[in-house]
2 protein chains.
Amino acid sequence: MEKTPSCRVETALEILTGKWKPSILLELITHDTLRFSELKRNLPNITQKMLTAQLRELELNDIVHREIYQVVPPRVEYSLTDYGKTLIPVLNAINAWGEKHAEHLVQKERLQTVTPTLSSSTSDSF
Amino acid sequence: MEKTPSCRVETALEILTGKWKPSILLELITHDTLRFSELKRNLPNITQKMLTAQLRELELNDIVHREIYQVVPPRVEYSLTDYGKTLIPVLNAINAWGEKHAEHLVQKERLQTVTPTLSSSTSDSF
DNA sequence: TGGTATAGTATCCTAAACGATACCATGAAG
DNA sequence: CTTCATGGTATCGTTTAGGATACTATACCA
């Protein structure tokens with residue numbers, strides 16, 4: 001009880017991180033429900049092992065729901081739980097900052113590539 | 001150009017993750033400016049190596065500023081850059097979700113500890 | 001009888017993150 | 001001449017994350 005902010009942030013980040021979790025979550029946000037094979041198709045470089053592992057962790061944290069249909073060949077569908085959907089604003093905030101960061105990077109590069117020769121740049125005061 | 005949301009989220013998370021970065025950032029948010037030794041004191045289990053490494057990464061990403069005073073013994077002060085301060089709302093969002101998550105966990109545990117014997121729980125319909 | 005599709009496991013290996021420990025340079029104070 | 005404080009590096013070992021690959025069960029379909 002009475003956890004510190006740093007502890008809470010770390011817990012939240014643990015749930016969000018892992019090489020594939022953001023992509024998986026964004027897939028499920030935009031597609032609502034996806035079969036295992038559909039997720040795999042949409043995440044071209046993931047291995048089956050990693051996809052299973054990351055989904056299991058998300059399931060353990062009650063972020064995604066796993067629905068098994070007893071048919072052959074197997075059909076398993078993944079979707080966000082209601083609780084998982086509370087992550088959407090967080091991911092939006094992170095995504096928005098990521099956008100700002102991309103802009104910030106090009107500005108830093110612009111500053112660095114000014115030095116070498118007196119080239120392209122137009123709006124300089126001398 | 002035209003990065004995907006998943007890519008931006010991953011970039012942002014790369015900057016935020018690392019075993020000690022959240023704690024370091026929160027220290028700098030709440031204390032404004034801290035010397036190396038003060039950071040180390042406030043993060044009891046961090047090693048010098050890790051503190052240096054994580055600070056260097058944050059510096060590289062333009063999140064923290066490193067001010068060196070040429071005195072002996074050395075004095076080095078760390079603080080958030082203006083750009084680094086744009087992370088504060090993001091960390092707040094993550095922290096808020098982390099709080100919700102802690103509550104969610106105790107509720108799940110309450111549901112699980114109902115099963116074993118017919119103990120404590122009061123409001124069940126049979 | 002054999003191939004196909006799905007949703008996985010199991011095993012092994014590599015690379016990266018992290019941790020423990022020891023060492024270093026400097027100048028002031030004693 | 002020694003000691004102390006600060007803010008580091010350097011080196012080594014362990015632990016964890018992730019990747020490659022092979023294998024499996026099942027029922028249907030040809």
# chains A, B, ... in the order shown; residues from 1 in each chain; ligands from 1
>>> interface_residues(of="chain B", to="chain D", cutoff="8 Å", atoms="only C-alpha atoms (C1' of nucleotides)", output="ChimeraX atom specification")
/B:36-37,52,72-76
>>> write_last_selection(atoms="C-alpha atoms", output="mmCIF file, in the first residue's frame")
data_model
loop_
_atom_site.group_PDB
_atom_site.id
_atom_site.type_symbol
_atom_site.label_atom_id
_atom_site.label_comp_id
_atom_site.auth_asym_id
_atom_site.auth_seq_id
_atom_site.Cartn_x
_atom_site.Cartn_y
_atom_site.Cartn_z
ATOM 1 C CA PHE B 36 25.052 12.961 -9.349
ATOM 2 C CA SER B 37 25.565 11.980 -5.739
ATOM 3 C CA THR B 52 25.856 7.066 -15.449
ATOM 4 C CA VAL B 72 37.466 19.774 -7.129
ATOM 5 C CA PRO B 73 35.926 17.578 -6.018
ATOM 6 C CA PRO B 74 33.824 17.569 -9.174
ATOM 7 C CA ARG B 75 30.298 18.938 -9.158
ATOM 8 C CA VAL B 76 27.892 17.826 -11.860
#
>>> interface_residues(of="chain C", to="chain B", cutoff="10 Å", atoms="only C-alpha atoms (C1' of nucleotides)", output="list in words")
DA17, DC18, DG19, DA20, DA25, DT26, DG27 and DA28 of chain C
>>> write_last_selection(atoms="N, CA and C atoms (P, O5', C5', C4', C3', O3' and C1' of nucleotides)", output="CSV table (one decimal), in the first residue's frame")
chain,number,residue,atom,x,y,z
C,17,DA,P,20.5,-3.0,-24.8
C,17,DA,O5',20.2,-3.5,-23.3
C,17,DA,C5',19.0,-4.2,-23.0
C,17,DA,C4',19.0,-4.6,-21.6
C,17,DA,C3',19.4,-3.6,-20.6
C,17,DA,O3',18.4,-3.6,-19.6
C,17,DA,C1',20.7,-5.5,-20.3
C,18,DC,P,18.3,-2.4,-18.5
C,18,DC,O5',19.1,-3.1,-17.3
C,18,DC,C5',18.8,-4.4,-16.9
C,18,DC,C4',19.8,-5.0,-16.0
C,18,DC,C3',20.4,-4.0,-14.9
C,18,DC,O3',19.9,-4.5,-13.6
C,18,DC,C1',22.1,-5.4,-15.9
C,19,DG,P,20.4,-3.8,-12.3
C,19,DG,O5',21.7,-4.6,-11.9
C,19,DG,C5',21.5,-6.0,-11.6
C,19,DG,C4',22.8,-6.5,-11.0
C,19,DG,C3',23.4,-5.6,-9.9
C,19,DG,O3',23.9,-6.5,-8.9
C,19,DG,C1',25.0,-6.0,-11.6
C,20,DA,P,24.3,-5.9,-7.5
C,20,DA,O5',25.9,-6.3,-7.4
C,20,DA,C5',26.3,-7.6,-8.0
C,20,DA,C4',27.8,-7.8,-7.7
C,20,DA,C3',28.4,-7.1,-6.6
C,20,DA,O3',29.3,-7.9,-6.0
C,20,DA,C1',29.4,-6.4,-8.6
C,25,DA,P,45.1,8.1,-13.0
C,25,DA,O5',44.6,9.6,-13.0
C,25,DA,C5',43.5,10.0,-13.9
C,25,DA,C4',42.9,11.3,-13.4
C,25,DA,C3',43.9,12.3,-12.8
C,25,DA,O3',43.8,13.5,-13.5
C,25,DA,C1',42.1,11.8,-11.3
C,26,DT,P,44.9,14.7,-13.2
C,26,DT,O5',44.2,15.5,-12.0
C,26,DT,C5',42.9,16.1,-12.3
C,26,DT,C4',42.3,16.7,-11.0
C,26,DT,C3',43.3,17.4,-10.2
C,26,DT,O3',43.1,18.8,-10.4
C,26,DT,C1',41.9,16.0,-8.9
C,27,DG,P,44.2,19.9,-10.2
C,27,DG,O5',43.8,20.3,-8.7
C,27,DG,C5',42.6,21.0,-8.5
C,27,DG,C4',42.3,20.9,-7.0
C,27,DG,C3',43.3,21.7,-6.1
C,27,DG,O3',42.6,22.5,-5.3
C,27,DG,C1',43.0,19.5,-5.3
C,28,DA,P,43.3,23.7,-4.4
C,28,DA,O5',42.5,23.6,-3.1
C,28,DA,C5',41.1,23.2,-3.2
C,28,DA,C4',40.8,22.6,-1.8
C,28,DA,C3',41.5,23.3,-0.7
C,28,DA,O3',40.5,23.5,0.4
C,28,DA,C1',42.0,20.9,-0.7
>>> interface_residues(of="chain B", to="chain A", cutoff="10 Å", atoms="only C-alpha atoms", output="ChimeraX atom specification")
/B:1,3-27,61-62,83,86-87,89-102,104-105,108
>>> select_by_dssp(residues="chain A", states="alpha helix (DSSP H)", output="JSON, numbers by chain")
{"A": [5, 6, 7, 8, 9, 10, 11, 12, 13, 14, 15, 16, 21, 22, 23, 24, 25, 26, 27, 28, 29, 30, 31, 36, 37, 38, 39, 40, 41, 42, 48, 49, 50, 51, 52, 53, 54, 55, 56, 57, 58, 59, 60, 82, 83, 84, 85, 88, 89, 90, 91, 92, 93, 94, 95, 96, 97, 98, 99, 100, 101, 102, 103, 104, 105, 106, 107, 108, 109, 110, 111, 112]}
>>> select_by_dssp(residues="chain A", states="strand (DSSP E or B)", output="count of residues only")
15
>>> decode(residues="chain C", atoms="N, CA and C atoms (P, O5', C5', C4', C3', O3' and C1' of nucleotides)", output="short mmCIF file (atom, residue, chain, number, x, y, z; two decimals), in the first residue's frame")
data_model
loop_
_atom_site.label_atom_id
_atom_site.label_comp_id
_atom_site.auth_asym_id
_atom_site.auth_seq_id
_atom_site.Cartn_x
_atom_site.Cartn_y
_atom_site.Cartn_z
P DT C 1 -3.96 -46.47 -44.69
"O5'" DT C 1 -3.81 -46.71 -46.28
"C5'" DT C 1 -2.67 -46.49 -47.13
"C4'" DT C 1 -2.53 -45.05 -47.54
"C3'" DT C 1 -1.70 -44.22 -46.57
"O3'" DT C 1 -0.54 -43.77 -47.26
"C1'" DT C 1 -3.63 -43.02 -47.25
P DG C 2 0.65 -43.00 -46.43
"O5'" DG C 2 0.83 -41.69 -47.34
"C5'" DG C 2 0.05 -41.50 -48.50
"C4'" DG C 2 -0.37 -40.04 -48.64
"C3'" DG C 2 0.51 -39.05 -47.85
"O3'" DG C 2 0.81 -37.97 -48.70
"C1'" DG C 2 -1.76 -38.69 -47.33
P DG C 3 1.95 -36.87 -48.27
"O5'" DG C 3 1.16 -35.49 -48.38
"C5'" DG C 3 0.46 -35.18 -49.58
"C4'" DG C 3 -0.57 -34.09 -49.30
"C3'" DG C 3 0.02 -32.86 -48.61
"O3'" DG C 3 -0.39 -31.70 -49.34
"C1'" DG C 3 -1.88 -33.65 -47.41
P DT C 4 0.13 -30.24 -48.95
"O5'" DT C 4 -1.09 -29.66 -48.10
"C5'" DT C 4 -2.42 -29.71 -48.60
"C4'" DT C 4 -3.33 -28.94 -47.66
"C3'" DT C 4 -2.62 -27.79 -46.94
"O3'" DT C 4 -3.40 -26.62 -46.98
"C1'" DT C 4 -3.65 -29.24 -45.36
P DA C 5 -2.67 -25.17 -46.69
"O5'" DA C 5 -3.50 -24.61 -45.47
"C5'" DA C 5 -4.92 -24.71 -45.46
"C4'" DA C 5 -5.39 -24.63 -44.02
"C3'" DA C 5 -4.61 -23.58 -43.22
"O3'" DA C 5 -5.50 -22.57 -42.76
"C1'" DA C 5 -4.69 -25.68 -42.06
P DT C 6 -4.95 -21.29 -41.96
"O5'" DT C 6 -5.03 -21.76 -40.46
"C5'" DT C 6 -6.29 -22.03 -39.88
"C4'" DT C 6 -6.09 -22.45 -38.45
"C3'" DT C 6 -5.30 -21.44 -37.61
"O3'" DT C 6 -6.11 -21.03 -36.53
"C1'" DT C 6 -4.45 -23.65 -37.33
P DA C 7 -5.78 -19.72 -35.71
"O5'" DA C 7 -4.99 -20.36 -34.49
"C5'" DA C 7 -5.68 -21.26 -33.64
"C4'" DA C 7 -4.69 -21.93 -32.72
"C3'" DA C 7 -3.74 -20.95 -32.00
"O3'" DA C 7 -3.61 -21.31 -30.62
"C1'" DA C 7 -2.52 -22.62 -33.05
P DG C 8 -3.16 -20.19 -29.56
"O5'" DG C 8 -1.60 -20.00 -29.91
"C5'" DG C 8 -0.61 -20.58 -29.10
"C4'" DG C 8 -0.55 -22.09 -29.23
"C3'" DG C 8 0.62 -22.70 -28.51
"O3'" DG C 8 0.27 -22.99 -27.17
"C1'" DG C 8 0.32 -23.67 -30.67
P DT C 9 1.21 -22.84 -25.96
"O5'" DT C 9 1.84 -24.29 -25.76
"C5'" DT C 9 2.70 -24.74 -26.73
"C4'" DT C 9 3.26 -26.08 -26.41
"C3'" DT C 9 4.44 -26.04 -25.45
"O3'" DT C 9 4.68 -27.35 -24.94
"C1'" DT C 9 5.20 -26.21 -27.69
P DA C 10 5.80 -27.57 -23.84
"O5'" DA C 10 7.10 -27.90 -24.70
"C5'" DA C 10 7.05 -28.77 -25.81
"C4'" DA C 10 8.49 -29.12 -26.25
"C3'" DA C 10 9.55 -28.84 -25.19
"O3'" DA C 10 10.53 -29.87 -25.27
"C1'" DA C 10 9.96 -27.50 -27.12
P DT C 11 11.79 -29.88 -24.26
"O5'" DT C 11 12.94 -29.27 -25.18
"C5'" DT C 11 13.09 -29.77 -26.50
"C4'" DT C 11 14.24 -29.09 -27.21
"C3'" DT C 11 15.39 -28.67 -26.29
"O3'" DT C 11 16.61 -29.15 -26.83
"C1'" DT C 11 14.74 -26.85 -27.65
P DC C 12 17.99 -29.00 -25.96
"O5'" DC C 12 18.75 -27.88 -26.79
"C5'" DC C 12 18.81 -27.98 -28.24
"C4'" DC C 12 19.22 -26.63 -28.81
"C3'" DC C 12 20.43 -26.00 -28.12
"O3'" DC C 12 21.47 -25.81 -29.06
"C1'" DC C 12 18.67 -24.42 -28.45
P DC C 13 22.91 -25.30 -28.54
"O5'" DC C 13 22.90 -23.79 -29.02
"C5'" DC C 13 22.51 -23.47 -30.35
"C4'" DC C 13 22.36 -21.96 -30.48
"C3'" DC C 13 23.50 -21.16 -29.82
"O3'" DC C 13 24.19 -20.42 -30.82
"C1'" DC C 13 21.35 -20.29 -29.23
P DT C 14 25.45 -19.48 -30.39
"O5'" DT C 14 24.80 -18.02 -30.44
"C5'" DT C 14 23.99 -17.65 -31.55
"C4'" DT C 14 23.48 -16.23 -31.32
"C3'" DT C 14 24.56 -15.26 -30.86
"O3'" DT C 14 24.48 -14.11 -31.70
"C1'" DT C 14 22.74 -15.24 -29.33
P DA C 15 25.49 -12.86 -31.50
"O5'" DA C 15 24.59 -11.76 -30.77
"C5'" DA C 15 23.25 -11.53 -31.18
"C4'" DA C 15 22.60 -10.58 -30.21
"C3'" DA C 15 23.48 -9.42 -29.78
"O3'" DA C 15 22.63 -8.29 -29.71
"C1'" DA C 15 22.81 -10.65 -27.87
P DA C 16 23.30 -6.78 -29.71
"O5'" DA C 16 22.53 -6.08 -28.52
"C5'" DA C 16 21.16 -6.38 -28.31
"C4'" DA C 16 20.86 -6.37 -26.84
"C3'" DA C 16 21.42 -5.16 -26.08
"O3'" DA C 16 20.30 -4.42 -25.62
"C1'" DA C 16 21.75 -7.20 -24.87
P DA C 17 20.54 -3.04 -24.79
"O5'" DA C 17 20.24 -3.52 -23.30
"C5'" DA C 17 19.01 -4.16 -23.02
"C4'" DA C 17 19.01 -4.64 -21.58
"C3'" DA C 17 19.36 -3.55 -20.57
"O3'" DA C 17 18.35 -3.57 -19.57
"C1'" DA C 17 20.74 -5.48 -20.25
P DC C 18 18.29 -2.42 -18.47
"O5'" DC C 18 19.14 -3.09 -17.30
"C5'" DC C 18 18.77 -4.40 -16.85
"C4'" DC C 18 19.85 -4.97 -15.97
"C3'" DC C 18 20.39 -4.02 -14.90
"O3'" DC C 18 19.92 -4.50 -13.65
"C1'" DC C 18 22.09 -5.38 -15.86
P DG C 19 20.35 -3.80 -12.28
"O5'" DG C 19 21.66 -4.62 -11.89
"C5'" DG C 19 21.55 -5.99 -11.60
"C4'" DG C 19 22.85 -6.52 -11.01
"C3'" DG C 19 23.43 -5.63 -9.91
"O3'" DG C 19 23.85 -6.49 -8.86
"C1'" DG C 19 25.04 -5.98 -11.61
P DA C 20 24.33 -5.91 -7.46
"O5'" DA C 20 25.86 -6.35 -7.41
"C5'" DA C 20 26.27 -7.60 -7.96
"C4'" DA C 20 27.76 -7.82 -7.74
"C3'" DA C 20 28.39 -7.06 -6.58
"O3'" DA C 20 29.34 -7.91 -5.96
"C1'" DA C 20 29.40 -6.39 -8.63
P DT C 21 30.12 -7.44 -4.64
"O5'" DT C 21 31.48 -6.87 -5.22
"C5'" DT C 21 32.21 -7.63 -6.18
"C4'" DT C 21 33.29 -6.79 -6.80
"C3'" DT C 21 34.01 -5.83 -5.84
"O3'" DT C 21 35.32 -6.33 -5.63
"C1'" DT C 21 33.64 -4.88 -8.00
P DA C 22 36.35 -5.52 -4.65
"O5'" DA C 22 37.34 -4.85 -5.70
"C5'" DA C 22 37.74 -5.57 -6.86
"C4'" DA C 22 38.41 -4.63 -7.85
"C3'" DA C 22 39.37 -3.63 -7.18
"O3'" DA C 22 40.61 -3.64 -7.88
"C1'" DA C 22 37.85 -2.50 -8.59
P DC C 23 41.87 -2.78 -7.30
"O5'" DC C 23 41.91 -1.50 -8.25
"C5'" DC C 23 42.05 -1.67 -9.66
"C4'" DC C 23 41.68 -0.37 -10.36
"C3'" DC C 23 42.52 0.83 -9.91
"O3'" DC C 23 43.42 1.17 -10.95
"C1'" DC C 23 40.18 1.36 -10.20
P DC C 24 44.49 2.38 -10.70
"O5'" DC C 24 43.72 3.69 -11.14
"C5'" DC C 24 43.18 3.79 -12.47
"C4'" DC C 24 42.60 5.18 -12.67
"C3'" DC C 24 43.47 6.29 -12.08
"O3'" DC C 24 43.73 7.27 -13.06
"C1'" DC C 24 41.22 6.51 -11.36
P DA C 25 45.10 8.14 -12.96
"O5'" DA C 25 44.55 9.63 -12.99
"C5'" DA C 25 43.54 10.00 -13.92
"C4'" DA C 25 42.90 11.28 -13.44
"C3'" DA C 25 43.90 12.26 -12.81
"O3'" DA C 25 43.80 13.50 -13.49
"C1'" DA C 25 42.07 11.82 -11.31
P DT C 26 44.90 14.68 -13.16
"O5'" DT C 26 44.19 15.53 -12.04
"C5'" DT C 26 42.92 16.12 -12.32
"C4'" DT C 26 42.35 16.65 -11.04
"C3'" DT C 26 43.35 17.43 -10.20
"O3'" DT C 26 43.11 18.82 -10.43
"C1'" DT C 26 41.93 16.01 -8.89
P DG C 27 44.25 19.94 -10.15
"O5'" DG C 27 43.84 20.35 -8.67
"C5'" DG C 27 42.59 20.98 -8.47
"C4'" DG C 27 42.28 20.93 -7.01
"C3'" DG C 27 43.31 21.68 -6.14
"O3'" DG C 27 42.59 22.52 -5.26
"C1'" DG C 27 42.95 19.49 -5.33
P DA C 28 43.32 23.69 -4.44
"O5'" DA C 28 42.46 23.63 -3.12
"C5'" DA C 28 41.10 23.24 -3.17
"C4'" DA C 28 40.76 22.59 -1.84
"C3'" DA C 28 41.46 23.25 -0.66
"O3'" DA C 28 40.53 23.48 0.38
"C1'" DA C 28 41.96 20.93 -0.71
P DA C 29 40.98 24.30 1.69
"O5'" DA C 29 40.94 23.16 2.80
"C5'" DA C 29 39.96 22.13 2.75
"C4'" DA C 29 40.30 21.10 3.82
"C3'" DA C 29 40.93 21.72 5.06
"O3'" DA C 29 40.40 21.05 6.19
"C1'" DA C 29 42.42 20.14 4.12
P DG C 30 40.84 21.43 7.66
"O5'" DG C 30 41.97 20.34 7.97
"C5'" DG C 30 41.58 19.03 8.39
"C4'" DG C 30 42.84 18.27 8.79
"C3'" DG C 30 43.71 19.07 9.76
"O3'" DG C 30 43.52 18.61 11.11
"C1'" DG C 30 45.01 18.04 8.01
#
